[in-house]
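Working notes, beginning with the structure itself.
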Amino acid sequence: MGGEAAKWILMTTARTPTNIAVIKYWGKRDETLILPINDSISVTLDPTHLCTTTTVSVSPSFDQDRMWLNGKEISLQGGRFQSCLREIRARAQDVEDKKKGVHIKKEDWQNLRLHIASHNNFPTAAGLASSAAGLACLVFSLAKLMNLKEDNSQLSAIARQGSGSACRSLYGGFVKWDMGKEDNGSDSLAIQLADEKHWDELVIIIAVVSARQKETSSTSGMRDTVESSALIQHRAKEVVPKRIVQMEEAIRNRDFPSFVRLTCTDSNQFHAVCLDTYPPIFYMNDTSHRIISGVEKWNRAEGTPQVAYTFDAGPNAVMIARNRKTAALLLQRLLYNFPPHTDTDLDSYIIGDKSILKDAGIKDMKDVEALTPPPEVKDNIPYAQKSKGDVSYFICTRPGGGPVVLSDETQALLGPLTGLPK
Ligand code: DP6
């Protein structure tokens with residue numbers, strides 16, 4: 001280790017997206033290594049709207065590994081954090097910073113301590129997959145700081161040990177997590193099926209649904225499912241392998257009707273195995289069910305699917321529209337059915353890519369109030385009913401790119417002289 005006294009600090013900042021599974025991961029065959037019982041496929045969400053930024057730093061003056069999440073210090077003692085740190089340190093290489101006069105030899109990394117600060121650009125309490133982006137960003141930024149030679153697919157096998165779904169956040173676009181066969185998990189990693197430009201017409205609208213009760217975590221939920229559900233084995237062995245092949249083909253051919261059918265049926269089956277778990281797990285609520293019915297009714301009325309829906313371990317709906325025009329029509333329908341509270345400002349009710357609002361011809365609350373019931377529900381009163389307050393807000397986004405290093409030092413979350421959160 002070189003450098004003057006013990007004063008230097010080296011740091012790296014990176015940004016990593018979150019992802020939504022269209023063929024779900026649910027169930028592990030190894031709890032410690034986080035090895036799944038089936039392959040899964042996801043769409044990466046545009047990091048402009050949903051991402052984690054992480055700054056990692058190293059200095060001989062740090063006396064312990066420390067981490068801050070959204071400004072608050074959190075413990076790094078958990079087994080999953082420790083697995084990621086151990087796996088990365090084991091692969092660290094020599095690092096030289098001539099300007100600072102620093103030379104770290106690969107064996108030095110075992111004795112150097114780290115400071116890590118992480119921030120989500122979306123509300124952490126929203127029940128969106130913040131752990132996927134967070135763990136992927138931790139692994140990616142540490143790999144850059146420590147000069148790892150591994151590619152993103154090999155890094156995904158480390159992120160997987162932090163949280164399964166995190167491995168799919170190492171790439172943009174459309175990503176497959178191959179479950180692998182090896183007992184040591186070396187072949188259980190993510191690969192990119194296509195980048196975000198391959199199918200750039202798609203528009204994603206997320207309804208952040210107000211949840212009253214605390215949900216069962218994915219980790220304990222899937223453990224209970226594997227222990228008690230008779231359907232999960234059928235799903236993992238018979239259903240998912242076929243759907244994976246079909247979904248890869250649908251993505252390759254930009255075949256929207258097949259993409260919709262596979263996405264919706266797989267989400268529904270995931271929630272069916274949750275219901276088949278004993279005691280049963282309910283992630284969706286009445287609002288989620290109303291959204292499904294509304295989309296199904298519209299898709300049927302059009303004769304060809306317009307929108308796919310999918311739900312993770314919570315009531316939030318992720319809807320994927322075939323293009324901007326359809327997304328604008330979807331937003332009109334959603335705002336008609338789930339208008340904001342009178343005192344809510346439209347600008348904070350629709351976040352992300354607000355240009356979809358303009359396409360939908362909605363400038364202010366008067367335009368929302370003037371919306372008429374969509375034609376497919378006119379004669380169906382329950383679904384034409386308006387319910388204020390059931391949705392907290394909507395996020396408009398699209399498929400997006402993978403992790404990037406942010407070289408602009410002003411974006412670092414840690415002070416360059418203190419190594420503490422700014
Ligand atoms: C429903 O990745 O959160 O979102 O591996 O235990 O950390 P752990 O679970 P996690 O589970 C995600 C489950 C899901 C489906 C998916 O993302 O594929």
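Ligands are numbered from 1 in the order shown, chains are lettered A, B, ... in the order of the structure tokens, and residues start at 1 in each chain.
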Give the residues close to ligand 1, within 6 Å, counting only C-alpha atoms and all ligand atoms; write them as a PyMOL selection string.
-> chain A and resi 21+24-26+34+163-165+218-219+312-313
Go ahead and save the picked residues with all heavy atoms, as a compact mmCIF listing (two decimals), in the first residue's frame.
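And here's selection12.txt as it stands now:
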# COMPACT_ATOMS: atom_id res chain seq x y z
N ALA A 21 -39.95 -8.74 -13.02
CA ALA A 21 -39.96 -10.07 -13.64
C ALA A 21 -41.24 -10.26 -14.44
O ALA A 21 -42.34 -9.94 -13.96
CB ALA A 21 -39.86 -11.15 -12.57
N LYS A 24 -41.69 -15.18 -13.32
CA LYS A 24 -41.26 -14.94 -11.94
C LYS A 24 -40.31 -15.99 -11.38
O LYS A 24 -40.45 -17.18 -11.67
CB LYS A 24 -42.48 -14.90 -11.00
CG LYS A 24 -43.57 -13.91 -11.38
CD LYS A 24 -43.17 -12.49 -11.14
CE LYS A 24 -44.33 -11.54 -11.44
NZ LYS A 24 -43.87 -10.15 -11.58
N TYR A 25 -39.42 -15.49 -10.53
CA TYR A 25 -38.59 -16.34 -9.65
C TYR A 25 -39.37 -16.49 -8.36
O TYR A 25 -39.76 -15.51 -7.75
CB TYR A 25 -37.26 -15.62 -9.45
CG TYR A 25 -36.58 -15.75 -8.11
CD1 TYR A 25 -36.29 -16.99 -7.54
CD2 TYR A 25 -36.19 -14.60 -7.42
CE1 TYR A 25 -35.64 -17.07 -6.31
CE2 TYR A 25 -35.53 -14.67 -6.19
CZ TYR A 25 -35.27 -15.92 -5.64
OH TYR A 25 -34.63 -15.99 -4.43
N TRP A 26 -39.64 -17.72 -7.97
CA TRP A 26 -40.30 -17.94 -6.67
C TRP A 26 -39.91 -19.33 -6.19
O TRP A 26 -40.36 -20.33 -6.75
CB TRP A 26 -41.83 -17.80 -6.79
CG TRP A 26 -42.51 -17.63 -5.44
CD1 TRP A 26 -43.28 -18.55 -4.78
CD2 TRP A 26 -42.45 -16.46 -4.61
NE1 TRP A 26 -43.70 -18.03 -3.58
CE2 TRP A 26 -43.21 -16.75 -3.44
CE3 TRP A 26 -41.84 -15.22 -4.70
CZ2 TRP A 26 -43.37 -15.83 -2.40
CZ3 TRP A 26 -41.99 -14.30 -3.67
CH2 TRP A 26 -42.75 -14.62 -2.54
N ILE A 34 -28.58 -18.79 -2.56
CA ILE A 34 -29.72 -18.23 -3.31
C ILE A 34 -29.73 -18.80 -4.73
O ILE A 34 -29.46 -18.12 -5.72
CB ILE A 34 -29.76 -16.68 -3.27
CG1 ILE A 34 -29.61 -16.19 -1.81
CG2 ILE A 34 -31.03 -16.15 -3.93
CD1 ILE A 34 -30.05 -14.77 -1.54
N SER A 163 -29.46 -10.82 -3.11
CA SER A 163 -30.91 -11.00 -3.29
C SER A 163 -31.08 -11.58 -4.69
O SER A 163 -30.49 -11.07 -5.64
CB SER A 163 -31.62 -9.65 -3.18
OG SER A 163 -33.01 -9.82 -3.37
N GLY A 164 -31.89 -12.64 -4.80
CA GLY A 164 -31.99 -13.34 -6.08
C GLY A 164 -32.28 -12.41 -7.25
O GLY A 164 -31.54 -12.37 -8.25
N SER A 165 -33.34 -11.59 -7.11
CA SER A 165 -33.76 -10.76 -8.24
C SER A 165 -32.70 -9.70 -8.59
O SER A 165 -32.74 -9.15 -9.69
CB SER A 165 -35.10 -10.10 -7.93
OG SER A 165 -35.03 -9.42 -6.69
N SER A 218 -40.48 -11.50 0.46
CA SER A 218 -40.31 -12.51 -0.60
C SER A 218 -39.55 -13.71 -0.04
O SER A 218 -39.89 -14.86 -0.31
CB SER A 218 -39.49 -11.95 -1.76
OG SER A 218 -40.07 -10.80 -2.26
N THR A 219 -38.51 -13.42 0.74
CA THR A 219 -37.64 -14.49 1.25
C THR A 219 -38.43 -15.51 2.07
O THR A 219 -38.34 -16.71 1.81
CB THR A 219 -36.49 -13.88 2.10
OG1 THR A 219 -35.85 -12.88 1.32
CG2 THR A 219 -35.50 -14.93 2.53
N ASP A 312 -45.58 -8.20 -8.26
CA ASP A 312 -44.60 -8.92 -7.45
C ASP A 312 -45.18 -9.19 -6.06
O ASP A 312 -46.39 -9.28 -5.92
CB ASP A 312 -43.30 -8.13 -7.38
CG ASP A 312 -42.40 -8.41 -8.58
OD1 ASP A 312 -42.70 -9.34 -9.34
OD2 ASP A 312 -41.39 -7.71 -8.74
N ALA A 313 -44.33 -9.25 -5.06
CA ALA A 313 -44.79 -9.60 -3.71
C ALA A 313 -45.42 -8.39 -3.01
O ALA A 313 -44.98 -7.95 -1.95
CB ALA A 313 -43.62 -10.15 -2.91
Residues near A:Leu334, cut-off 9 Å, only C-alpha atoms, skip fewer than 6 positions along chain, as a list in words | Ala207, Ile291 and Gly294 of chain A
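Between A:Ala211 and the residues A:Pro421, A:Pro315, A:Gly172, A:Gly361, the shortest atom-to-atom distance, using only C-alpha atoms, involves A:Pro315.
Remark: for A:Glu150, the closest of the candidate residues A:Thr52, A:Ser42, A:Gln93, A:Ser75 is A:Gln93 (distances computed over only C-alpha atoms).
Picture a line from atom CA of A:Ala166 to atom CA of A:Pro399; it runs 16.3 Å.
Counting only C-alpha atoms, the residue from A:Val240, A:Leu148, A:Val56, A:Leu413 that sits nearest to A:Asn38 is A:Val240.
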From a DSSP pass on the backbone, collect the residues of stretch 69-244 of chain A flagged as alpha helix (DSSP H) and hand them back as a PyMOL selection string.
-> chain A and resi 79-91+130-145+152-159+218-228+231-234+240-244
Pick out the closest residue to A:Ile281 from this set: A:Glu409, A:Glu96, A:Asp224, A:Glu107. Count only C-alpha atoms.
-> A:Asp224
Can you list, as number ranges by chain, all residues belonging to stretch 106-344 of chain A that DSSP tags as strand (DSSP E or B)?
-> A: 113-120, 174-178, 189-194, 203-209, 307-310, 317-321
Please produce an output containing C-alpha atoms for each residue in the selection, written as a PDB file, in the first residue's frame.
ATOM      1  CA  ARG A 113     -12.248  -1.259   5.272  1.00  0.00           C
ATOM      2  CA  LEU A 114     -15.028   0.258   3.157  1.00  0.00           C
ATOM      3  CA  HIS A 115     -17.572   3.037   3.478  1.00  0.00           C
ATOM      4  CA  ILE A 116     -20.699   2.636   1.355  1.00  0.00           C
ATOM      5  CA  ALA A 117     -23.577   5.071   0.803  1.00  0.00           C
ATOM      6  CA  SER A 118     -26.650   4.172  -1.206  1.00  0.00           C
ATOM      7  CA  HIS A 119     -29.678   6.168  -2.301  1.00  0.00           C
ATOM      8  CA  ASN A 120     -32.894   5.226  -4.148  1.00  0.00           C
ATOM      9  CA  PHE A 174     -34.505  -7.983 -21.290  1.00  0.00           C
ATOM     10  CA  VAL A 175     -32.675 -10.325 -18.954  1.00  0.00           C
ATOM     11  CA  LYS A 176     -32.785 -14.024 -18.145  1.00  0.00           C
ATOM     12  CA  TRP A 177     -31.600 -15.524 -14.879  1.00  0.00           C
ATOM     13  CA  ASP A 178     -30.446 -19.009 -15.755  1.00  0.00           C
ATOM     14  CA  LEU A 189     -26.341 -16.142 -13.397  1.00  0.00           C
ATOM     15  CA  ALA A 190     -27.982 -13.471 -15.511  1.00  0.00           C
ATOM     16  CA  ILE A 191     -27.578 -13.064 -19.256  1.00  0.00           C
ATOM     17  CA  GLN A 192     -28.919 -10.300 -21.454  1.00  0.00           C
ATOM     18  CA  LEU A 193     -31.509 -11.482 -23.990  1.00  0.00           C
ATOM     19  CA  ALA A 194     -31.785  -8.105 -25.754  1.00  0.00           C
ATOM     20  CA  VAL A 203     -44.203   2.010 -22.104  1.00  0.00           C
ATOM     21  CA  ILE A 204     -44.486   0.970 -18.463  1.00  0.00           C
ATOM     22  CA  ILE A 205     -46.961   2.420 -15.969  1.00  0.00           C
ATOM     23  CA  ILE A 206     -46.686   1.412 -12.329  1.00  0.00           C
ATOM     24  CA  ALA A 207     -49.642   1.918  -9.997  1.00  0.00           C
ATOM     25  CA  VAL A 208     -48.300   2.275  -6.457  1.00  0.00           C
ATOM     26  CA  VAL A 209     -51.274   0.840  -4.627  1.00  0.00           C
ATOM     27  CA  VAL A 307     -51.503  -3.980 -22.055  1.00  0.00           C
ATOM     28  CA  ALA A 308     -49.786  -6.618 -19.889  1.00  0.00           C
ATOM     29  CA  TYR A 309     -49.964  -6.543 -16.090  1.00  0.00           C
ATOM     30  CA  THR A 310     -47.718  -8.145 -13.530  1.00  0.00           C
ATOM     31  CA  ALA A 317     -49.477  -3.145 -10.544  1.00  0.00           C
ATOM     32  CA  VAL A 318     -46.817  -2.947 -13.247  1.00  0.00           C
ATOM     33  CA  MET A 319     -48.514  -2.443 -16.603  1.00  0.00           C
ATOM     34  CA  ILE A 320     -46.676  -2.687 -19.919  1.00  0.00           C
ATOM     35  CA  ALA A 321     -48.348  -0.950 -22.868  1.00  0.00           C
TER      36      ALA A 321
END
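Of the listed residues A:Lys366, A:Ser210, A:Leu406, A:Asp276, the one whose atoms come nearest to A:Phe338 is A:Ser210, with distances taken using only C-alpha atoms.
With only C-alpha atoms as the basis for measurement, A:Asp353 is the residue among A:Asp408, A:Asp353, A:Asp367, A:Asp266 that approaches A:His49 most closely.
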Near A:Leu128, within 9 Å and counting only C-alpha atoms, which residues show up once chain neighbours fewer than 4 positions away are dropped, as an NGL selection string?
-> :A and (18 or 122-124 or 208 or 312 or 314 or 316)
Write out as a PyMOL selection string each polymer residue whose atoms come within 12 Å of A:Thr12, counting only C-alpha atoms; drop sequence neighbours fewer than 3 positions from it.
-> chain A and resi 9+15+53-58+114-118+137-147+404-416+419
Contacts of A:Gly400 at 7 Å or less, counting only C-alpha atoms, minus same-chain residues fewer than 4 places along, as a ChimeraX atom specification?
-> /A:44-47,172-173,196
Could you save those same residues with N, CA, C and O atoms as a CSV table (one decimal), in the first residue's frame?
chain,number,residue,atom,x,y,z
A,44,THR,N,-35.7,-4.6,-17.5
A,44,THR,CA,-35.1,-3.6,-16.7
A,44,THR,C,-35.8,-2.3,-16.9
A,44,THR,O,-36.2,-1.9,-18.0
A,45,LEU,N,-36.0,-1.6,-15.8
A,45,LEU,CA,-36.8,-0.3,-15.8
A,45,LEU,C,-35.8,0.9,-15.9
A,45,LEU,O,-34.7,0.8,-15.4
A,46,ASP,N,-36.2,1.9,-16.7
A,46,ASP,CA,-35.4,3.0,-17.0
A,46,ASP,C,-34.9,3.7,-15.7
A,46,ASP,O,-35.6,4.1,-14.8
A,47,PRO,N,-33.5,3.7,-15.5
A,47,PRO,CA,-32.9,4.2,-14.2
A,47,PRO,C,-33.2,5.7,-14.0
A,47,PRO,O,-33.1,6.2,-12.9
A,172,GLY,N,-29.3,-4.1,-18.8
A,172,GLY,CA,-30.4,-3.4,-19.2
A,172,GLY,C,-31.3,-4.2,-20.1
A,172,GLY,O,-30.9,-5.4,-20.4
A,173,GLY,N,-32.4,-3.7,-20.6
A,173,GLY,CA,-33.3,-4.4,-21.6
A,173,GLY,C,-34.0,-5.6,-21.0
A,173,GLY,O,-34.7,-5.5,-20.0
A,196,GLU,N,-32.1,-2.6,-24.3
A,196,GLU,CA,-33.4,-1.8,-24.2
A,196,GLU,C,-33.8,-1.2,-25.5
A,196,GLU,O,-35.0,-0.8,-25.7
